[in-house]
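A.B. asks: Structure file structure_36.pdb (PDB, C-alpha atoms) is given on the next line.
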```pdb
ATOM      1  CA  MET Y   1      -3.504   7.595 -28.817
ATOM      2  CA  LEU Y   2      -3.652  10.929 -26.967
ATOM      3  CA  LYS Y   3      -2.708   9.185 -23.745
ATOM      4  CA  GLY Y   4       0.304   7.697 -25.515
ATOM      5  CA  ILE Y   5       1.370  11.142 -26.714
ATOM      6  CA  LEU Y   6       0.992  12.582 -23.238
ATOM      7  CA  GLU Y   7       3.018   9.694 -21.829
ATOM      8  CA  GLY Y   8       5.793  10.405 -24.327
ATOM      9  CA  CYS Y   9       5.779  14.083 -23.382
ATOM     10  CA  VAL Y  10       5.927  13.289 -19.665
ATOM     11  CA  LEU Y  11       8.863  11.007 -20.375
ATOM     12  CA  LYS Y  12      10.601  13.845 -22.247
ATOM     13  CA  VAL Y  13      10.140  16.226 -19.309
ATOM     14  CA  ILE Y  14      11.648  13.636 -16.959
ATOM     15  CA  PHE Y  15      14.444  12.978 -19.463
ATOM     16  CA  ASP Y  16      15.372  16.689 -19.401
ATOM     17  CA  ASN Y  17      15.618  16.868 -15.623
ATOM     18  CA  GLU Y  18      14.896  14.916 -12.482
ATOM     19  CA  THR Y  19      11.504  16.261 -11.510
ATOM     20  CA  TYR Y  20       8.283  15.718  -9.528
ATOM     21  CA  GLY Y  21       4.588  15.504 -10.371
ATOM     22  CA  TYR Y  22       3.528  19.113  -9.944
ATOM     23  CA  GLU Y  23       6.577  20.431 -11.792
ATOM     24  CA  ILE Y  24       5.867  18.066 -14.705
ATOM     25  CA  SER Y  25       2.291  19.356 -14.965
ATOM     26  CA  GLN Y  26       3.550  22.961 -14.840
ATOM     27  CA  LYS Y  27       6.131  22.372 -17.572
ATOM     28  CA  LEU Y  28       3.549  20.708 -19.788
ATOM     29  CA  GLN Y  29       1.228  23.671 -19.286
ATOM     30  CA  GLU Y  30       4.063  26.058 -20.184
ATOM     31  CA  HIS Y  31       4.387  24.158 -23.451
ATOM     32  CA  GLY Y  32       0.693  24.583 -24.184
ATOM     33  CA  PHE Y  33      -0.866  21.429 -22.757
ATOM     34  CA  GLN Y  34      -3.962  22.995 -21.268
ATOM     35  CA  GLY Y  35      -5.720  21.483 -18.258
ATOM     36  CA  ILE Y  36      -2.977  19.006 -17.401
ATOM     37  CA  SER Y  37      -3.019  18.631 -13.636
ATOM     38  CA  GLU Y  38      -1.079  16.366 -11.304
ATOM     39  CA  GLY Y  39      -4.134  14.135 -11.211
ATOM     40  CA  THR Y  40      -3.916  13.633 -14.977
ATOM     41  CA  ILE Y  41      -0.302  12.570 -14.953
ATOM     42  CA  TYR Y  42      -0.206  10.597 -11.683
ATOM     43  CA  PRO Y  43      -1.701   7.406 -13.221
ATOM     44  CA  LEU Y  44       0.764   7.737 -16.130
ATOM     45  CA  LEU Y  45       3.665   8.058 -13.702
ATOM     46  CA  LEU Y  46       2.421   4.999 -11.810
ATOM     47  CA  ARG Y  47       2.297   2.985 -15.017
ATOM     48  CA  MET Y  48       5.701   4.174 -16.221
ATOM     49  CA  GLU Y  49       7.228   3.387 -12.845
ATOM     50  CA  LYS Y  50       5.607  -0.048 -12.894
ATOM     51  CA  ASN Y  51       6.977  -0.693 -16.390
ATOM     52  CA  GLY Y  52      10.475   0.361 -15.342
ATOM     53  CA  LEU Y  53      10.628   3.448 -17.576
ATOM     54  CA  ILE Y  54      11.190   5.791 -14.644
ATOM     55  CA  GLU Y  55      12.442   5.476 -11.087
ATOM     56  CA  ALA Y  56      11.165   7.330  -8.061
ATOM     57  CA  THR Y  57      12.991   8.635  -5.003
ATOM     58  CA  TYR Y  58      11.635  10.647  -2.129
ATOM     59  CA  LYS Y  59      13.333  13.920  -1.276
ATOM     60  CA  ALA Y  60      12.550  16.447   1.392
ATOM     61  CA  SER Y  61      11.229  19.753   0.149
ATOM     62  CA  VAL Y  62      12.250  22.992   1.802
ATOM     63  CA  LEU Y  63       8.807  24.428   2.332
ATOM     64  CA  GLY Y  64       6.310  21.623   2.509
ATOM     65  CA  PRO Y  65       5.919  17.850   2.465
ATOM     66  CA  ARG Y  66       8.533  15.598   0.866
ATOM     67  CA  ARG Y  67       8.352  15.058  -2.854
ATOM     68  CA  LYS Y  68       8.555  12.020  -5.080
ATOM     69  CA  TYR Y  69      11.186  12.759  -7.724
ATOM     70  CA  PHE Y  70      11.380  10.837 -10.966
ATOM     71  CA  THR Y  71      14.363   9.989 -13.143
ATOM     72  CA  ILE Y  72      14.355   8.220 -16.485
ATOM     73  CA  THR Y  73      15.859   4.738 -16.761
ATOM     74  CA  GLY Y  74      17.756   3.199 -19.684
ATOM     75  CA  LYS Y  75      14.573   1.416 -20.708
ATOM     76  CA  GLY Y  76      12.739   4.745 -20.496
ATOM     77  CA  LYS Y  77      15.274   6.385 -22.832
ATOM     78  CA  GLY Y  78      14.735   3.611 -25.358
ATOM     79  CA  GLU Y  79      10.984   4.057 -25.040
ATOM     80  CA  LEU Y  80      11.364   7.813 -25.588
ATOM     81  CA  GLU Y  81      13.322   7.223 -28.804
ATOM     82  CA  ASP Y  82      10.647   4.799 -30.022
ATOM     83  CA  PHE Y  83       7.944   7.318 -29.156
ATOM     84  CA  LEU Y  84       9.680  10.062 -31.119
ATOM     85  CA  THR Y  85      10.060   7.840 -34.186
ATOM     86  CA  VAL Y  86       6.407   6.755 -34.093
ATOM     87  CA  TYR Y  87       5.235  10.305 -33.418
ATOM     88  CA  LYS Y  88       7.179  11.732 -36.364
ATOM     89  CA  GLU Y  89       5.687   9.118 -38.677
ATOM     90  CA  MET Y  90       2.233   9.877 -37.348
ATOM     91  CA  GLU Y  91       2.776  13.625 -37.670
ATOM     92  CA  ARG Y  92       3.793  13.155 -41.321
ATOM     93  CA  ALA Y  93       0.734  10.998 -41.957
ATOM     94  CA  VAL Y  94      -1.649  13.496 -40.338
ATOM     95  CA  HIS Y  95      -0.020  16.395 -42.150
ATOM     96  CA  HIS Y  96      -0.262  14.523 -45.456
ATOM     97  CA  LEU Y  97      -3.929  13.743 -44.871
ATOM     98  CA  PHE Y  98      -4.879  17.314 -44.035
ATOM     99  CA  ALA Y  99      -2.683  18.866 -46.694
ATOM    100  CA  GLN Y 100      -4.313  16.746 -49.397
ATOM    101  CA  ARG Y 101      -6.585  18.874 -51.616
ATOM    102  CA  LYS Y 102      -9.564  17.483 -53.426
ATOM    103  CA  PRO Y 103      -9.976  18.934 -56.955
ATOM    104  CA  GLU Y 104     -13.361  20.475 -56.090
ATOM    105  CA  ALA Y 105     -11.910  21.857 -52.881
ATOM    106  CA  ASP Y 106      -9.351  23.906 -54.817
ATOM    107  CA  SER Y 107     -11.903  26.615 -55.278
ATOM    108  CA  GLU Y 108     -12.458  26.869 -51.482
ATOM    109  CA  GLU Y 109     -10.723  29.660 -49.708
ATOM    110  CA  ASN Y 110      -8.372  29.292 -46.730
ATOM    111  CA  THR Y 111      -8.222  25.624 -45.783
ATOM    112  CA  GLY Y 112      -9.162  23.718 -48.879
ATOM    113  CA  PHE Y 113     -10.992  21.154 -46.752
ATOM    114  CA  GLY Y 114     -14.452  22.228 -47.951
ATOM    115  CA  GLU Y 115     -17.680  21.926 -46.014
ATOM    116  CA  PRO Y 116     -18.343  18.723 -44.087
ATOM    117  CA  GLU Y 117     -20.788  16.403 -45.840
ATOM    118  CA  TRP Y 118     -23.293  16.281 -42.985
ATOM    119  CA  GLU Y 119     -23.845  20.034 -43.027
ATOM    120  CA  GLY Y 120     -26.558  21.431 -45.252
TER     121      GLY Y 120
ATOM    122  CA  MET Z 121      15.535   1.490   2.681
ATOM    123  CA  LYS Z 122      12.102   0.256   1.668
ATOM    124  CA  GLN Z 123       9.408   0.980   4.237
ATOM    125  CA  SER Z 124       7.122  -1.780   5.472
ATOM    126  CA  VAL Z 125       3.379  -1.550   4.865
ATOM    127  CA  LYS Z 126       2.809  -0.979   8.576
ATOM    128  CA  GLU Z 127       5.239   1.945   8.615
ATOM    129  CA  ILE Z 128       3.637   3.487   5.539
ATOM    130  CA  LYS Z 129       0.178   3.027   7.067
ATOM    131  CA  MET Z 130       1.252   4.726  10.304
ATOM    132  CA  ARG Z 131       2.845   7.575   8.380
ATOM    133  CA  ASN Z 132      -0.250   7.933   6.223
ATOM    134  CA  ASN Z 133      -2.495   8.059   9.285
ATOM    135  CA  ARG Z 134      -0.290  10.767  10.800
ATOM    136  CA  ARG Z 135      -0.197  12.837   7.641
ATOM    137  CA  ASP Z 136      -3.910  12.403   6.929
ATOM    138  CA  ARG Z 137      -4.592  14.600   9.930
ATOM    139  CA  LEU Z 138      -2.864  17.496   8.186
ATOM    140  CA  LEU Z 139      -5.354  17.453   5.331
ATOM    141  CA  CYS Z 140      -8.258  19.879   5.385
ATOM    142  CA  ARG Z 141     -11.766  18.420   5.623
ATOM    143  CA  GLU Z 142     -12.556  18.629   1.885
ATOM    144  CA  ASN Z 143      -9.269  17.043   0.834
ATOM    145  CA  LYS Z 144      -9.591  14.353   3.469
ATOM    146  CA  GLU Z 145     -13.088  13.480   2.244
ATOM    147  CA  TYR Z 146     -11.877  13.249  -1.349
ATOM    148  CA  MET Z 147      -8.958  11.105  -0.279
ATOM    149  CA  THR Z 148     -11.198   8.764   1.730
ATOM    150  CA  LYS Z 149     -13.491   8.309  -1.271
ATOM    151  CA  ILE Z 150     -10.588   7.341  -3.554
ATOM    152  CA  ILE Z 151      -9.090   4.938  -1.031
ATOM    153  CA  CYS Z 152     -12.465   3.285  -0.375
ATOM    154  CA  TYR Z 153     -13.009   3.073  -4.131
ATOM    155  CA  LEU Z 154      -9.660   1.308  -4.650
ATOM    156  CA  ARG Z 155     -10.262  -1.052  -1.726
ATOM    157  CA  ASP Z 156     -13.704  -1.778  -3.112
ATOM    158  CA  LYS Z 157     -12.035  -2.796  -6.374
ATOM    159  CA  ASN Z 158      -9.831  -5.268  -4.443
ATOM    160  CA  VAL Z 159      -6.540  -3.440  -4.918
ATOM    161  CA  PRO Z 160      -4.163  -5.112  -2.410
ATOM    162  CA  ASP Z 161      -3.599  -3.269   0.834
ATOM    163  CA  PRO Z 162       0.165  -2.615   0.387
ATOM    164  CA  GLN Z 163      -0.516  -1.012  -2.957
ATOM    165  CA  VAL Z 164      -3.395   1.079  -1.626
ATOM    166  CA  GLU Z 165      -1.099   2.407   1.101
ATOM    167  CA  ASP Z 166       1.562   3.307  -1.494
ATOM    168  CA  ILE Z 167      -1.019   5.217  -3.515
ATOM    169  CA  ARG Z 168      -2.450   6.816  -0.378
ATOM    170  CA  GLN Z 169       1.040   8.004   0.501
ATOM    171  CA  ASP Z 170       1.500   9.599  -2.919
ATOM    172  CA  ILE Z 171      -1.909  11.264  -2.920
ATOM    173  CA  THR Z 172      -1.515  12.582   0.621
ATOM    174  CA  ASP Z 173       1.808  14.209  -0.283
ATOM    175  CA  MET Z 174       0.256  15.571  -3.463
ATOM    176  CA  LEU Z 175      -2.732  17.042  -1.618
ATOM    177  CA  LEU Z 176      -0.648  18.500   1.202
ATOM    178  CA  GLU Z 177       1.463  20.332  -1.328
ATOM    179  CA  ALA Z 178      -1.687  21.461  -3.170
ATOM    180  CA  GLN Z 179      -3.101  22.739   0.111
ATOM    181  CA  GLU Z 180      -0.034  24.911   0.563
ATOM    182  CA  ARG Z 181      -0.689  26.408  -2.845
ATOM    183  CA  GLY Z 182      -4.290  26.978  -1.811
ATOM    184  CA  GLU Z 183      -5.681  24.345  -4.181
ATOM    185  CA  MET Z 184      -8.304  21.745  -3.391
ATOM    186  CA  ALA Z 185      -8.338  18.067  -4.339
ATOM    187  CA  GLU Z 186     -10.972  18.512  -7.035
ATOM    188  CA  ALA Z 187      -8.782  21.028  -8.875
ATOM    189  CA  VAL Z 188      -5.716  18.794  -8.684
ATOM    190  CA  LEU Z 189      -7.153  15.310  -9.144
ATOM    191  CA  GLY Z 190     -10.377  16.029 -11.002
ATOM    192  CA  GLU Z 191     -13.965  16.563  -9.978
ATOM    193  CA  ASP Z 192     -14.985  12.918 -10.091
ATOM    194  CA  TYR Z 193     -12.915  10.723  -7.800
ATOM    195  CA  ARG Z 194     -14.125   7.631  -9.684
ATOM    196  CA  THR Z 195     -12.568   8.788 -12.957
ATOM    197  CA  PHE Z 196      -9.268   9.346 -11.154
ATOM    198  CA  GLY Z 197      -9.658   5.995  -9.384
ATOM    199  CA  ASP Z 198     -10.327   4.203 -12.681
ATOM    200  CA  GLU Z 199      -7.191   5.730 -14.218
ATOM    201  CA  ILE Z 200      -5.175   4.444 -11.284
ATOM    202  CA  LEU Z 201      -6.779   1.007 -11.538
ATOM    203  CA  GLU Z 202      -5.890   0.831 -15.216
ATOM    204  CA  SER Z 203      -2.282   1.669 -14.383
ATOM    205  CA  VAL Z 204      -1.851  -0.849 -11.595
ATOM    206  CA  THR Z 205      -3.679  -3.849 -13.028
ATOM    207  CA  ASP Z 206      -0.533  -5.854 -13.770
ATOM    208  CA  ARG Z 207       0.882  -5.180 -10.357
ATOM    209  CA  GLU Z 208      -2.425  -6.281  -8.897
ATOM    210  CA  THR Z 209      -2.016  -9.622 -10.665
ATOM    211  CA  ARG Z 210       1.522  -9.936  -9.301
ATOM    212  CA  ASP Z 211       0.265  -9.193  -5.808
ATOM    213  CA  ARG Z 212      -2.431 -11.813  -6.176
ATOM    214  CA  ASP Z 213       0.229 -14.346  -7.165
ATOM    215  CA  LYS Z 214       2.288 -13.398  -4.108
ATOM    216  CA  LYS Z 215      -0.774 -13.816  -1.926
ATOM    217  CA  ASN Z 216      -1.631 -17.213  -3.458
ATOM    218  CA  PHE Z 217       1.939 -18.419  -2.974
ATOM    219  CA  GLY Z 218       1.801 -17.186   0.642
ATOM    220  CA  ILE Z 219      -1.435 -19.100   1.222
ATOM    221  CA  LEU Z 220       0.149 -22.233  -0.272
ATOM    222  CA  MET Z 221       3.132 -21.895   2.068
ATOM    223  CA  MET Z 222       0.810 -21.417   5.042
ATOM    224  CA  TRP Z 223      -0.948 -24.689   4.172
ATOM    225  CA  PHE Z 224       2.262 -26.725   4.198
ATOM    226  CA  PRO Z 225       2.275 -27.397   7.970
ATOM    227  CA  PHE Z 226      -1.354 -28.509   7.706
ATOM    228  CA  ILE Z 227      -0.486 -30.893   4.873
ATOM    229  CA  GLY Z 228       2.188 -32.214   7.240
ATOM    230  CA  MET Z 229      -0.425 -32.597   9.981
ATOM    231  CA  PHE Z 230      -2.647 -34.606   7.648
ATOM    232  CA  CYS Z 231       0.228 -36.880   6.585
ATOM    233  CA  SER Z 232       1.372 -37.387  10.192
ATOM    234  CA  GLY Z 233      -2.185 -38.063  11.344
ATOM    235  CA  ALA Z 234      -2.697 -40.544   8.489
ATOM    236  CA  SER Z 235       0.597 -42.207   9.373
ATOM    237  CA  ALA Z 236      -0.578 -42.604  12.994
ATOM    238  CA  VAL Z 237      -3.898 -44.099  11.811
ATOM    239  CA  ILE Z 238      -2.040 -46.634   9.645
ATOM    240  CA  LYS Z 239       0.100 -47.596  12.659
ATOM    241  CA  ILE Z 240      -3.088 -48.171  14.676
ATOM    242  CA  PHE Z 241      -4.517 -50.461  11.983
ATOM    243  CA  GLN Z 242      -1.214 -52.327  11.765
ATOM    244  CA  ASN Z 243      -1.299 -52.777  15.580
ATOM    245  CA  THR Z 244       2.167 -51.255  15.783
ATOM    246  CA  PRO Z 245       3.258 -50.891  19.432
ATOM    247  CA  TRP Z 246       3.748 -47.271  20.486
ATOM    248  CA  SER Z 247       7.344 -46.252  21.069
ATOM    249  CA  VAL Z 248       9.183 -42.955  20.993
ATOM    250  CA  GLU Z 249      10.786 -43.930  17.666
ATOM    251  CA  GLU Z 250       7.429 -44.806  16.074
ATOM    252  CA  PHE Z 251       5.887 -41.635  17.493
ATOM    253  CA  LEU Z 252       8.706 -39.510  16.091
ATOM    254  CA  TYR Z 253       8.380 -41.328  12.777
ATOM    255  CA  THR Z 254       4.715 -40.285  12.509
ATOM    256  CA  LEU Z 255       5.688 -36.718  13.377
ATOM    257  CA  LEU Z 256       8.325 -36.630  10.653
ATOM    258  CA  TYR Z 257       5.863 -35.572   7.921
ATOM    259  CA  PHE Z 258       4.615 -32.636   9.974
ATOM    260  CA  ALA Z 259       8.189 -31.620  10.781
ATOM    261  CA  VAL Z 260       9.358 -31.807   7.163
ATOM    262  CA  TRP Z 261       6.420 -29.832   5.712
ATOM    263  CA  THR Z 262       6.718 -27.214   8.462
ATOM    264  CA  LEU Z 263      10.459 -26.890   7.915
ATOM    265  CA  ILE Z 264       9.950 -26.427   4.175
ATOM    266  CA  SER Z 265       7.376 -23.703   4.843
ATOM    267  CA  ALA Z 266       9.564 -21.997   7.452
ATOM    268  CA  GLY Z 267      12.655 -22.291   5.223
ATOM    269  CA  VAL Z 268      10.917 -20.737   2.216
ATOM    270  CA  TYR Z 269       9.522 -17.976   4.424
ATOM    271  CA  ALA Z 270      12.961 -17.263   5.929
ATOM    272  CA  ALA Z 271      14.630 -17.213   2.523
ATOM    273  CA  ALA Z 272      12.034 -15.385   0.464
ATOM    274  CA  GLY Z 273       9.323 -14.221   2.857
ATOM    275  CA  ARG Z 274       9.567 -10.645   1.622
ATOM    276  CA  ASN Z 275       8.595 -11.782  -1.849
ATOM    277  CA  PHE Z 276       5.188 -13.079  -0.884
ATOM    278  CA  TYR Z 277       2.460 -12.317   1.592
ATOM    279  CA  MET Z 278       1.584 -14.480   4.601
ATOM    280  CA  LYS Z 279      -1.181 -13.133   6.792
ATOM    281  CA  ARG Z 280      -3.147 -14.704   9.588
ATOM    282  CA  ASN Z 281      -6.398 -13.386   8.166
ATOM    283  CA  TYR Z 282      -5.950 -15.648   5.124
ATOM    284  CA  PHE Z 283      -7.324 -18.373   7.398
ATOM    285  CA  GLU Z 284     -10.852 -17.054   7.553
ATOM    286  CA  GLY Z 285     -14.209 -18.784   7.068
ATOM    287  CA  LYS Z 286     -14.044 -22.241   5.456
ATOM    288  CA  ARG Z 287     -10.248 -22.224   5.397
ATOM    289  CA  LYS Z 288     -10.214 -21.698   9.160
ATOM    290  CA  MET Z 289     -12.573 -24.654   9.638
ATOM    291  CA  LEU Z 290     -10.478 -26.889   7.397
ATOM    292  CA  ALA Z 291      -7.259 -25.883   9.184
ATOM    293  CA  ALA Z 292      -8.853 -26.521  12.595
ATOM    294  CA  GLY Z 293     -10.215 -29.862  11.337
ATOM    295  CA  LEU Z 294      -6.768 -30.985  10.171
ATOM    296  CA  ALA Z 295      -5.226 -29.966  13.502
ATOM    297  CA  VAL Z 296      -7.905 -31.917  15.420
ATOM    298  CA  PHE Z 297      -7.438 -34.961  13.151
ATOM    299  CA  PHE Z 298      -3.666 -34.823  13.713
ATOM    300  CA  ALA Z 299      -3.966 -34.522  17.514
ATOM    301  CA  ALA Z 300      -6.698 -37.196  17.743
ATOM    302  CA  ALA Z 301      -4.800 -39.693  15.561
ATOM    303  CA  GLU Z 302      -1.582 -39.245  17.568
ATOM    304  CA  ALA Z 303      -3.471 -39.566  20.889
ATOM    305  CA  LEU Z 304      -5.319 -42.657  19.651
ATOM    306  CA  PHE Z 305      -2.046 -44.216  18.522
ATOM    307  CA  TRP Z 306      -0.628 -43.617  21.982
ATOM    308  CA  PHE Z 307      -3.698 -45.069  23.750
ATOM    309  CA  THR Z 308      -3.945 -48.168  21.559
ATOM    310  CA  GLY Z 309      -0.235 -48.754  21.138
ATOM    311  CA  VAL Z 310       1.039 -48.506  24.695
TER     312      VAL Z 310
END
```
Give the structure from the file, written as structure tokens.
C.D. replies:
Amino acid sequence: MLKGILEGCVLKVIFDNETYGYEISQKLQEHGFQGISEGTIYPLLLRMEKNGLIEATYKASVLGPRRKYFTITGKGKGELEDFLTVYKEMERAVHHLFAQRKPEADSEENTGFGEPEWEG
Amino acid sequence: MKQSVKEIKMRNNRRDRLLCRENKEYMTKIICYLRDKNVPDPQVEDIRQDITDMLLEAQERGEMAEAVLGEDYRTFGDEILESVTDRETRDRDKKNFGILMMWFPFIGMFCSGASAVIKIFQNTPWSVEEFLYTLLYFAVWTLISAGVYAAAGRNFYMKRNYFEGKRKMLAAGLAVFFAAAEALFWFTGV
């Protein structure tokens, strides 16, 4: 599930701008995705490219080696819309689950979730 | 323009030399891991190209492979394998179709050889026409193979090393049978 969310987020970054692996990982980190390196997203990019969601082109970089830039395809845009719909539904469901208060939990302060059952 | 596997391999070999020792070691481990898992060579070279570029750029930022790709190369390798599985299947299909096409001339050899043997048993006198008739099967099967290769050769893989081991023996056996049957037809029919 988490991999699916990350894939959707990578797709969104590519949707915003044509970009390359390292830049994607940096943007995700800026948005609070901790510990996302190029190595984490490379297999996702491979899969998305294989499935025709993104397209890759090589471009020379000014300072160092050439870079593989990614752009989103029409199929990728459709996939991004689907992801957003599913994610919003899931977000609502998770929010509903955690917001639910048990009657006995009403007396608990702060969260209302109470103590986990396995703790003494 | 799409680069050939050979070109990518040569480029990769050139660029590998620019990697520092630690990054090169990491890279070698991943590539060996993927080859060990039977990922087709063209695909391994594509991945090697990507990783080399990634590591060269990381080097310029002063980062090492373990920081960029993860401490365990196997975990990274497994993620890649999971992503490329379908393509692997496609590549296997291309290889199998290539092998089939490479067998066509040998099927032709068998049919031509068998045709020559039948002529011997029928005591058919040898003539250029009869000889060419027996060769027709070989010619047709070879032309089909060559035609398919010329028209769609880029879409499948044909490599000499596909004829290794038992396949090599079978191919050699068919060639010997073909040559022997034609020679025998000539000796007995003239």
A.B. asks: Calculated over only C-alpha atoms, which of the candidates Z:Thr308, Z:Cys152, Z:Asn132, Z:Asp170 has the smallest distance to Y:Gly21?
C.D. replies: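 Closest residue, counting only C-alpha atoms: Z:Asp170.
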A.B. asks: Sorted by chain and rising residue number, which residues of chain Y lie within 10 Å of chain Z, and what are their closest atom pairs and distances in Å to one decimal, counting all atoms listed in the file, as a tab-separated table?
C.D. replies:
```
residue	atom	partner	partner_atom	distance
Y:Gly21	CA	Z:Met174	CA	8.2
Y:Tyr22	CA	Z:Met174	CA	8.1
Y:Gly35	CA	Z:Ala187	CA	9.9
Y:Ile36	CA	Z:Val188	CA	9.1
Y:Ser37	CA	Z:Val188	CA	5.6
Y:Glu38	CA	Z:Val188	CA	5.9
Y:Gly39	CA	Z:Leu189	CA	3.8
Y:Thr40	CA	Z:Leu189	CA	6.9
Y:Ile41	CA	Z:Leu189	CA	9.4
Y:Tyr42	CA	Z:Ile200	CA	7.9
Y:Pro43	CA	Z:Ile200	CA	5.0
Y:Leu44	CA	Z:Ser203	CA	7.0
Y:Leu45	CA	Z:Ser203	CA	8.8
Y:Leu46	CA	Z:Ser203	CA	6.3
Y:Arg47	CA	Z:Ser203	CA	4.8
Y:Met48	CA	Z:Ser203	CA	8.6
Y:Glu49	CA	Z:Ser203	CA	9.8
Y:Lys50	CA	Z:Arg207	CA	7.4
Y:Asn51	CA	Z:Asp206	CA	9.5
Y:Ser61	CA	Z:Glu177	CA	9.9
Y:Leu63	CA	Z:Glu180	CA	9.0
Y:Gly64	CA	Z:Glu177	CA	6.3
Y:Pro65	CA	Z:Asp173	CA	6.1
Y:Arg66	CA	Z:Asp173	CA	7.0
Y:Arg67	CA	Z:Asp173	CA	7.1
Y:Lys68	CA	Z:Asp170	CA	7.8
```
A.B. asks: What's the separation between atom CA of Z:Phe307 and atom CA of Z:Val237, in Å to one decimal place?
C.D. replies: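 Those two atoms sit 12.0 Å apart.
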A.B. asks: Go ahead and compute the interatomic distance for atom CA of Z:Ile227 and atom CA of Z:Ala266, in Å to one decimal.
C.D. replies: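 Atom CA of Z:Ala266 lies 13.7 Å from atom CA of Z:Ile227.
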A.B. asks: On this structure, the PyMOL selection byres ((chain Y and resi 17) around 12) would catch which residues? List them as a list in words, sorted by chain and number.
C.D. replies: Val10, Leu11, Lys12, Val13, Ile14, Phe15, Asp16, Glu18, Thr19, Tyr20, Glu23, Ile24, Lys27, Ile54, Tyr69, Phe70, Thr71 and Ile72 of chain Y
A.B. asks: Any chance you could resolve the PyMOL selection byres ((chain Z and resi 145-147) around 8) against this file and give the residues as a list of chain:residue names?
C.D. replies: Z:Arg141, Z:Glu142, Z:Asn143, Z:Lys144, Z:Thr148, Z:Lys149, Z:Ile150, Z:Ile151, Z:Arg168, Z:Ile171, Z:Thr172, Z:Ala185, Z:Glu186, Z:Tyr193
A.B. asks: Hey, what comes out of the PyMOL selection byres ((chain Y and resi 1) around 12) on this file? Could you write it as an MDAnalysis selection string?
C.D. replies: chainID Y and resid 2:8 83 86:87 90
A.B. asks: So how many Å separate atom CA of Z:Tyr277 and atom CA of Z:Gly218, to one decimal?
C.D. replies: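 Computing it gives 5.0 Å between the two atoms.
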A.B. asks: For Z:Leu252, which residue among Z:Asp192, Z:Asp136, Z:Asp213, Z:Glu302 is the nearest when counting only C-alpha atoms?
C.D. replies: Z:Glu302
A.B. asks: Centre and edge lengths, as lines of an AutoDock Vina configuration file, for the axis-aligned box enclosing every listed atom of stretch 290-305 of chain Z with 5 Å of padding on each of the six sides, in Å to one decimal?
C.D. replies:
```
center_x = -6.0
center_y = -35.0
center_z = 14.1
size_x = 18.9
size_y = 28.3
size_z = 23.5
```
A.B. asks: Name the closest residue to Z:Pro225 among the candidates Z:Pro162, Z:Pro245, Z:Gly273, Z:Gly267; distances are taken between atoms, counting all atoms listed in the file.
C.D. replies: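 The shortest atom-to-atom distance to Z:Pro225 comes from Z:Gly267.
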